[in-house]
Amino acid sequence: MVTTITSTSLDFNSIKNNLKLSLENSGEFNDYNFSSSGLSSILDVLAYNTHFNGLTANFALNESFLSTAQLRGSVVSLAEGIGYVPNSKNSSEAIINISVNLSSVSPRPTTIQISENFKFNTTVDEINYTFQTRESLSATDGGDGIYNFKDAAGKPEIKIVEGKSRTKTFITLKSEDNPIYVIPDKNIDISSAVVRVYDNTSTTEFTTYSNLVNARVINENSTLYILRESPNGFFELSFGNGTTLGRAPLIGGKIEIEYLSVAGTLSNTANVFSPLNTVVVNGTGYPVTVATQTSAVGGSSKESIESIRKNAPFQYASQNRMVTASDYSSLILKNYSSFIDDIQSFGGEDALEPEYGVVFVSILFNTDDPLIQQSIKDEILQLSDELSVASFSVKFDDPIKTFIEVKTFFQFNDNLTTLSRNTIQTDVNSAITGYFVKNTGKFNQSFRRSNVLSLVDATSPAVLSSRQEIKMQRRFTPIPNTIQNHKIRYAAPLATPDDVNYIITSNSFSIGGNSCILRNKLNTNKLEVFDSVTNSVVVDNVGDYAQDTVNIVGLQIDSTIGAQSFIKLSATPANQSAISPLRQDVIEIDEDSSFTSIVDVVDGVLT
């Protein structure tokens, strides 16, 4: 008998048809009617069984690789296999000032303190959350009985974090059995964990392995623990065995882990904090006064599957040390992902003005609060000092946003649709906005005009064709009544001047009480100030432009016009079809300066 079963066809119908074909070619069932026989039912069972076995094998194989696994447990396990510990939930953080008035107390102490875990209550969407300090604070009498508390670094900006304190205790088991101690709490913030081991009468505080800076310090006496997510979503605590990853706790001792059980993103935006504790002086409790400096930010859910899939290989490549620019990005993102939307790092040799021995880091924060941003930058500098192998210094280069102005014109034939003109125009606007939301706003994301026009044409059969005019826009904020120079760089080269179109134009601003704009002279790259009221040139030379940069020299603006304090400077790119930013450049759409226009077509004729 010749076997005709094709092993690569694993869908149900193909399997059954191949089984039929094999039987028909066997010589014993040449004239057999498989469609209405009992044998057909048997073939169904065989085909179902083969099909399910194929699916099971396929799923099992997919779950064995990080790039194809779909189950969170599989992705977490595979990531941990290459040394990547996925982030747990993170608590949100806020910065406040704390003071207490003891002017009526006599005698007054020179210095007072409040211990860590001083708690505050707040409400977000009518749900209560608890915030607390994570270190002891001290305050000194200012001479008037007002005590302003400061942290250990002497700063009055006090960081408080959301979460409820939890403690879990275990009895130590034999290290030879490689015991795992499970913390049954899916809301743990593993960065807040403090692990103490009580061996007989001594107490030792252990250190998380992932926070070790120099692996060479690990020996049989190292006090280390590993805290990682388990397949069921809880977290597992484990220790070394006395030979690898440090010493093991003695059998019969006690293990205690303190941590915060957090709400993640739900407590973000909290900004009113009511103290739940008092400061006790001379046996009397006194209320503290709280002033909020920054609203709560940084709370996040567990790291998503896609984030783990993306970040784990880069973390593995960096090997917990900062050497290449990508190492800086991956390790910073790993430690501060709840505050960062995107990050870009590049060597000083790739900067516009080369600076060797420097790594430039540009960060898109998910908060606009300058205090939070500066705090994260300070911590990043400390992290780089610990993990940088070479003697590179880190410099922060803030993202440069280039806005895109899109003027869209599309031909419309209302005979081809039952929808109204306004509905079609709204759909076109939504398609354009949706493209920019999905494809721009982060580093290394490019604009492609052809892709946008394809989306516009696909909105309705009534949209016959479309075209777009593209301009790039940068913004600068002038100081009123002050002569200033401005150097403005765009994300792409600018068009060559001609005698018809103005390559550089701005919105209106006030000089001498008149409404003026900035533009280039036709057929030249020189800039001039044009009075829109008198239709005359006020200043005939205030700089020029070349390549991707506009240089404004000696410009004095009395004031901006309207509610905005900045000037929009628009420029026609050399290539309107594609804009690909580099380094710290980011592109976004300026919806206020963009519009769509309908060109009617009736019976094939433009109207």
# chains A, B, ... in the order shown; residues from 1 in each chain; ligands from 1
>>> select_by_dssp(residues="segment 167-337 of chain A", states="alpha helix (DSSP H)", output="PyMOL selection string")
chain A and resi 305-318+325-336
>>> select_by_dssp(residues="segment 25-132 of chain A", states="strand (DSSP E or B)", output="NGL selection string")
:A and (90 or 93-101 or 111-114 or 119-124 or 127-132)
>>> residues_around(residues="Asn520 of chain A", least_positions_apart="4", cutoff="8 Å", atoms="only C-alpha atoms", output="ChimeraX atom specification")
/A:502-505,524-528,544
>>> atom_distance(atom1="atom CA of Pro287 of chain A", atom2="atom CA of Glu162 of chain A")
20.6 Å
>>> residues_around(residues="Arg474 of chain A", least_positions_apart="6", cutoff="9 Å", atoms="only C-alpha atoms", output="VMD selection string")
chain A and resid 400 to 403 488 to 490 567 to 571
>>> write_last_selection(atoms="N, CA and C atoms", output="mmCIF file, in the first residue's frame")
data_model
loop_
_atom_site.group_PDB
_atom_site.id
_atom_site.type_symbol
_atom_site.label_atom_id
_atom_site.label_comp_id
_atom_site.auth_asym_id
_atom_site.auth_seq_id
_atom_site.Cartn_x
_atom_site.Cartn_y
_atom_site.Cartn_z
ATOM 1 N N ILE A 400 13.370 66.740 21.714
ATOM 2 C CA ILE A 400 13.047 67.884 20.854
ATOM 3 C C ILE A 400 11.841 67.499 20.015
ATOM 4 N N LYS A 401 10.740 68.193 20.218
ATOM 5 C CA LYS A 401 9.515 67.865 19.494
ATOM 6 C C LYS A 401 9.385 68.722 18.244
ATOM 7 N N THR A 402 9.231 68.050 17.119
ATOM 8 C CA THR A 402 8.903 68.702 15.859
ATOM 9 C C THR A 402 7.455 68.343 15.531
ATOM 10 N N PHE A 403 6.629 69.361 15.383
ATOM 11 C CA PHE A 403 5.217 69.134 15.097
ATOM 12 C C PHE A 403 4.990 69.114 13.590
ATOM 13 N N ILE A 488 17.120 77.117 15.970
ATOM 14 C CA ILE A 488 16.029 76.147 15.957
ATOM 15 C C ILE A 488 16.328 75.075 14.917
ATOM 16 N N ARG A 489 16.400 73.824 15.384
ATOM 17 C CA ARG A 489 16.697 72.698 14.500
ATOM 18 C C ARG A 489 15.451 71.839 14.322
ATOM 19 N N TYR A 490 15.216 71.416 13.086
ATOM 20 C CA TYR A 490 14.073 70.570 12.756
ATOM 21 C C TYR A 490 14.513 69.106 12.628
ATOM 22 N N ILE A 567 5.952 81.063 20.008
ATOM 23 C CA ILE A 567 5.799 81.341 18.582
ATOM 24 C C ILE A 567 5.937 80.023 17.817
ATOM 25 N N LYS A 568 5.000 79.772 16.907
ATOM 26 C CA LYS A 568 5.090 78.604 16.045
ATOM 27 C C LYS A 568 5.839 79.005 14.770
ATOM 28 N N LEU A 569 6.944 78.296 14.501
ATOM 29 C CA LEU A 569 7.735 78.575 13.302
ATOM 30 C C LEU A 569 7.630 77.361 12.370
ATOM 31 N N SER A 570 6.910 77.536 11.266
ATOM 32 C CA SER A 570 6.634 76.439 10.343
ATOM 33 C C SER A 570 7.611 76.469 9.178
ATOM 34 N N ALA A 571 7.979 75.273 8.708
ATOM 35 C CA ALA A 571 8.937 75.176 7.611
ATOM 36 C C ALA A 571 8.555 74.027 6.697
#
>>> decode(residues="segment 430-468 of chain A", atoms="N, CA and C atoms", output="PDB file, in the first residue's frame")
ATOM      1  N   SER A 430     -10.375  61.551  11.721  1.00  0.00           N
ATOM      2  CA  SER A 430     -10.084  60.486  12.681  1.00  0.00           C
ATOM      3  C   SER A 430      -8.994  59.558  12.159  1.00  0.00           C
ATOM      4  N   ALA A 431      -9.031  59.273  10.858  1.00  0.00           N
ATOM      5  CA  ALA A 431      -8.011  58.400  10.274  1.00  0.00           C
ATOM      6  C   ALA A 431      -6.633  59.040  10.362  1.00  0.00           C
ATOM      7  N   ILE A 432      -6.574  60.349  10.098  1.00  0.00           N
ATOM      8  CA  ILE A 432      -5.284  61.058  10.157  1.00  0.00           C
ATOM      9  C   ILE A 432      -4.775  61.106  11.592  1.00  0.00           C
ATOM     10  N   THR A 433      -5.667  61.487  12.523  1.00  0.00           N
ATOM     11  CA  THR A 433      -5.261  61.554  13.928  1.00  0.00           C
ATOM     12  C   THR A 433      -4.843  60.183  14.441  1.00  0.00           C
ATOM     13  N   GLY A 434      -5.595  59.145  14.053  1.00  0.00           N
ATOM     14  CA  GLY A 434      -5.272  57.792  14.484  1.00  0.00           C
ATOM     15  C   GLY A 434      -3.900  57.347  14.006  1.00  0.00           C
ATOM     16  N   TYR A 435      -3.529  57.749  12.808  1.00  0.00           N
ATOM     17  CA  TYR A 435      -2.199  57.400  12.304  1.00  0.00           C
ATOM     18  C   TYR A 435      -1.119  57.998  13.185  1.00  0.00           C
ATOM     19  N   PHE A 436      -1.265  59.267  13.527  1.00  0.00           N
ATOM     20  CA  PHE A 436      -0.233  59.922  14.337  1.00  0.00           C
ATOM     21  C   PHE A 436      -0.190  59.358  15.758  1.00  0.00           C
ATOM     22  N   VAL A 437      -1.356  59.024  16.314  1.00  0.00           N
ATOM     23  CA  VAL A 437      -1.379  58.439  17.658  1.00  0.00           C
ATOM     24  C   VAL A 437      -0.638  57.104  17.676  1.00  0.00           C
ATOM     25  N   LYS A 438      -0.818  56.316  16.632  1.00  0.00           N
ATOM     26  CA  LYS A 438      -0.243  54.972  16.587  1.00  0.00           C
ATOM     27  C   LYS A 438       1.213  54.974  16.165  1.00  0.00           C
ATOM     28  N   ASN A 439       1.614  55.888  15.314  1.00  0.00           N
ATOM     29  CA  ASN A 439       2.919  55.785  14.664  1.00  0.00           C
ATOM     30  C   ASN A 439       3.910  56.869  15.026  1.00  0.00           C
ATOM     31  N   THR A 440       3.524  57.853  15.807  1.00  0.00           N
ATOM     32  CA  THR A 440       4.455  58.917  16.173  1.00  0.00           C
ATOM     33  C   THR A 440       4.339  59.198  17.671  1.00  0.00           C
ATOM     34  N   GLY A 441       5.169  60.127  18.135  1.00  0.00           N
ATOM     35  CA  GLY A 441       5.123  60.514  19.540  1.00  0.00           C
ATOM     36  C   GLY A 441       6.217  59.906  20.376  1.00  0.00           C
ATOM     37  N   LYS A 442       6.998  58.977  19.793  1.00  0.00           N
ATOM     38  CA  LYS A 442       8.118  58.371  20.510  1.00  0.00           C
ATOM     39  C   LYS A 442       9.373  58.461  19.646  1.00  0.00           C
ATOM     40  N   PHE A 443      10.507  58.077  20.237  1.00  0.00           N
ATOM     41  CA  PHE A 443      11.766  58.135  19.512  1.00  0.00           C
ATOM     42  C   PHE A 443      11.766  57.121  18.368  1.00  0.00           C
ATOM     43  N   ASN A 444      12.482  57.474  17.306  1.00  0.00           N
ATOM     44  CA  ASN A 444      12.682  56.582  16.152  1.00  0.00           C
ATOM     45  C   ASN A 444      11.384  56.220  15.443  1.00  0.00           C
ATOM     46  N   GLN A 445      10.353  57.028  15.597  1.00  0.00           N
ATOM     47  CA  GLN A 445       9.103  56.804  14.869  1.00  0.00           C
ATOM     48  C   GLN A 445       8.988  57.833  13.744  1.00  0.00           C
ATOM     49  N   SER A 446       8.779  57.346  12.543  1.00  0.00           N
ATOM     50  CA  SER A 446       8.803  58.195  11.353  1.00  0.00           C
ATOM     51  C   SER A 446       7.397  58.487  10.844  1.00  0.00           C
ATOM     52  N   PHE A 447       7.316  59.547  10.045  1.00  0.00           N
ATOM     53  CA  PHE A 447       6.070  59.915   9.360  1.00  0.00           C
ATOM     54  C   PHE A 447       6.180  59.510   7.904  1.00  0.00           C
ATOM     55  N   ARG A 448       5.155  58.827   7.393  1.00  0.00           N
ATOM     56  CA  ARG A 448       5.092  58.429   5.979  1.00  0.00           C
ATOM     57  C   ARG A 448       3.785  58.947   5.387  1.00  0.00           C
ATOM     58  N   ARG A 449       3.899  59.900   4.474  1.00  0.00           N
ATOM     59  CA  ARG A 449       2.697  60.511   3.897  1.00  0.00           C
ATOM     60  C   ARG A 449       1.862  59.511   3.119  1.00  0.00           C
ATOM     61  N   SER A 450       2.497  58.597   2.414  1.00  0.00           N
ATOM     62  CA  SER A 450       1.752  57.622   1.617  1.00  0.00           C
ATOM     63  C   SER A 450       0.871  56.743   2.498  1.00  0.00           C
ATOM     64  N   ASN A 451       1.359  56.406   3.696  1.00  0.00           N
ATOM     65  CA  ASN A 451       0.561  55.587   4.605  1.00  0.00           C
ATOM     66  C   ASN A 451      -0.681  56.328   5.087  1.00  0.00           C
ATOM     67  N   VAL A 452      -0.527  57.630   5.346  1.00  0.00           N
ATOM     68  CA  VAL A 452      -1.668  58.429   5.785  1.00  0.00           C
ATOM     69  C   VAL A 452      -2.691  58.549   4.663  1.00  0.00           C
ATOM     70  N   LEU A 453      -2.228  58.804   3.453  1.00  0.00           N
ATOM     71  CA  LEU A 453      -3.151  58.960   2.329  1.00  0.00           C
ATOM     72  C   LEU A 453      -3.893  57.655   2.044  1.00  0.00           C
ATOM     73  N   SER A 454      -3.242  56.522   2.268  1.00  0.00           N
ATOM     74  CA  SER A 454      -3.928  55.235   2.090  1.00  0.00           C
ATOM     75  C   SER A 454      -5.081  55.103   3.076  1.00  0.00           C
ATOM     76  N   LEU A 455      -4.863  55.551   4.306  1.00  0.00           N
ATOM     77  CA  LEU A 455      -5.935  55.508   5.309  1.00  0.00           C
ATOM     78  C   LEU A 455      -7.067  56.456   4.939  1.00  0.00           C
ATOM     79  N   VAL A 456      -6.721  57.622   4.407  1.00  0.00           N
ATOM     80  CA  VAL A 456      -7.749  58.584   3.989  1.00  0.00           C
ATOM     81  C   VAL A 456      -8.587  57.999   2.858  1.00  0.00           C
ATOM     82  N   ASP A 457      -7.941  57.415   1.852  1.00  0.00           N
ATOM     83  CA  ASP A 457      -8.659  56.853   0.711  1.00  0.00           C
ATOM     84  C   ASP A 457      -9.545  55.679   1.121  1.00  0.00           C
ATOM     85  N   ALA A 458      -9.178  54.985   2.190  1.00  0.00           N
ATOM     86  CA  ALA A 458      -9.924  53.803   2.620  1.00  0.00           C
ATOM     87  C   ALA A 458     -11.111  54.145   3.523  1.00  0.00           C
ATOM     88  N   THR A 459     -11.292  55.398   3.873  1.00  0.00           N
ATOM     89  CA  THR A 459     -12.380  55.747   4.792  1.00  0.00           C
ATOM     90  C   THR A 459     -13.753  55.543   4.160  1.00  0.00           C
ATOM     91  N   SER A 460     -13.867  55.736   2.840  1.00  0.00           N
ATOM     92  CA  SER A 460     -15.172  55.602   2.182  1.00  0.00           C
ATOM     93  C   SER A 460     -14.988  55.473   0.670  1.00  0.00           C
ATOM     94  N   PRO A 461     -15.861  54.720  -0.018  1.00  0.00           N
ATOM     95  CA  PRO A 461     -15.801  54.678  -1.489  1.00  0.00           C
ATOM     96  C   PRO A 461     -16.024  56.048  -2.122  1.00  0.00           C
ATOM     97  N   ALA A 462     -16.643  56.956  -1.364  1.00  0.00           N
ATOM     98  CA  ALA A 462     -16.894  58.298  -1.901  1.00  0.00           C
ATOM     99  C   ALA A 462     -15.638  59.145  -1.948  1.00  0.00           C
ATOM    100  N   VAL A 463     -14.577  58.738  -1.230  1.00  0.00           N
ATOM    101  CA  VAL A 463     -13.295  59.451  -1.287  1.00  0.00           C
ATOM    102  C   VAL A 463     -12.529  58.885  -2.474  1.00  0.00           C
ATOM    103  N   LEU A 464     -12.438  59.673  -3.536  1.00  0.00           N
ATOM    104  CA  LEU A 464     -11.875  59.180  -4.786  1.00  0.00           C
ATOM    105  C   LEU A 464     -10.356  59.247  -4.801  1.00  0.00           C
ATOM    106  N   SER A 465      -9.798  60.302  -4.251  1.00  0.00           N
ATOM    107  CA  SER A 465      -8.339  60.450  -4.187  1.00  0.00           C
ATOM    108  C   SER A 465      -8.028  61.526  -3.156  1.00  0.00           C
ATOM    109  N   SER A 466      -6.770  61.620  -2.788  1.00  0.00           N
ATOM    110  CA  SER A 466      -6.398  62.601  -1.770  1.00  0.00           C
ATOM    111  C   SER A 466      -4.953  63.032  -1.974  1.00  0.00           C
ATOM    112  N   ARG A 467      -4.647  64.192  -1.445  1.00  0.00           N
ATOM    113  CA  ARG A 467      -3.269  64.693  -1.444  1.00  0.00           C
ATOM    114  C   ARG A 467      -3.051  65.506  -0.173  1.00  0.00           C
ATOM    115  N   GLN A 468      -1.789  65.701   0.180  1.00  0.00           N
ATOM    116  CA  GLN A 468      -1.462  66.421   1.398  1.00  0.00           C
ATOM    117  C   GLN A 468      -0.274  67.344   1.185  1.00  0.00           C
TER     118      GLN A 468
END
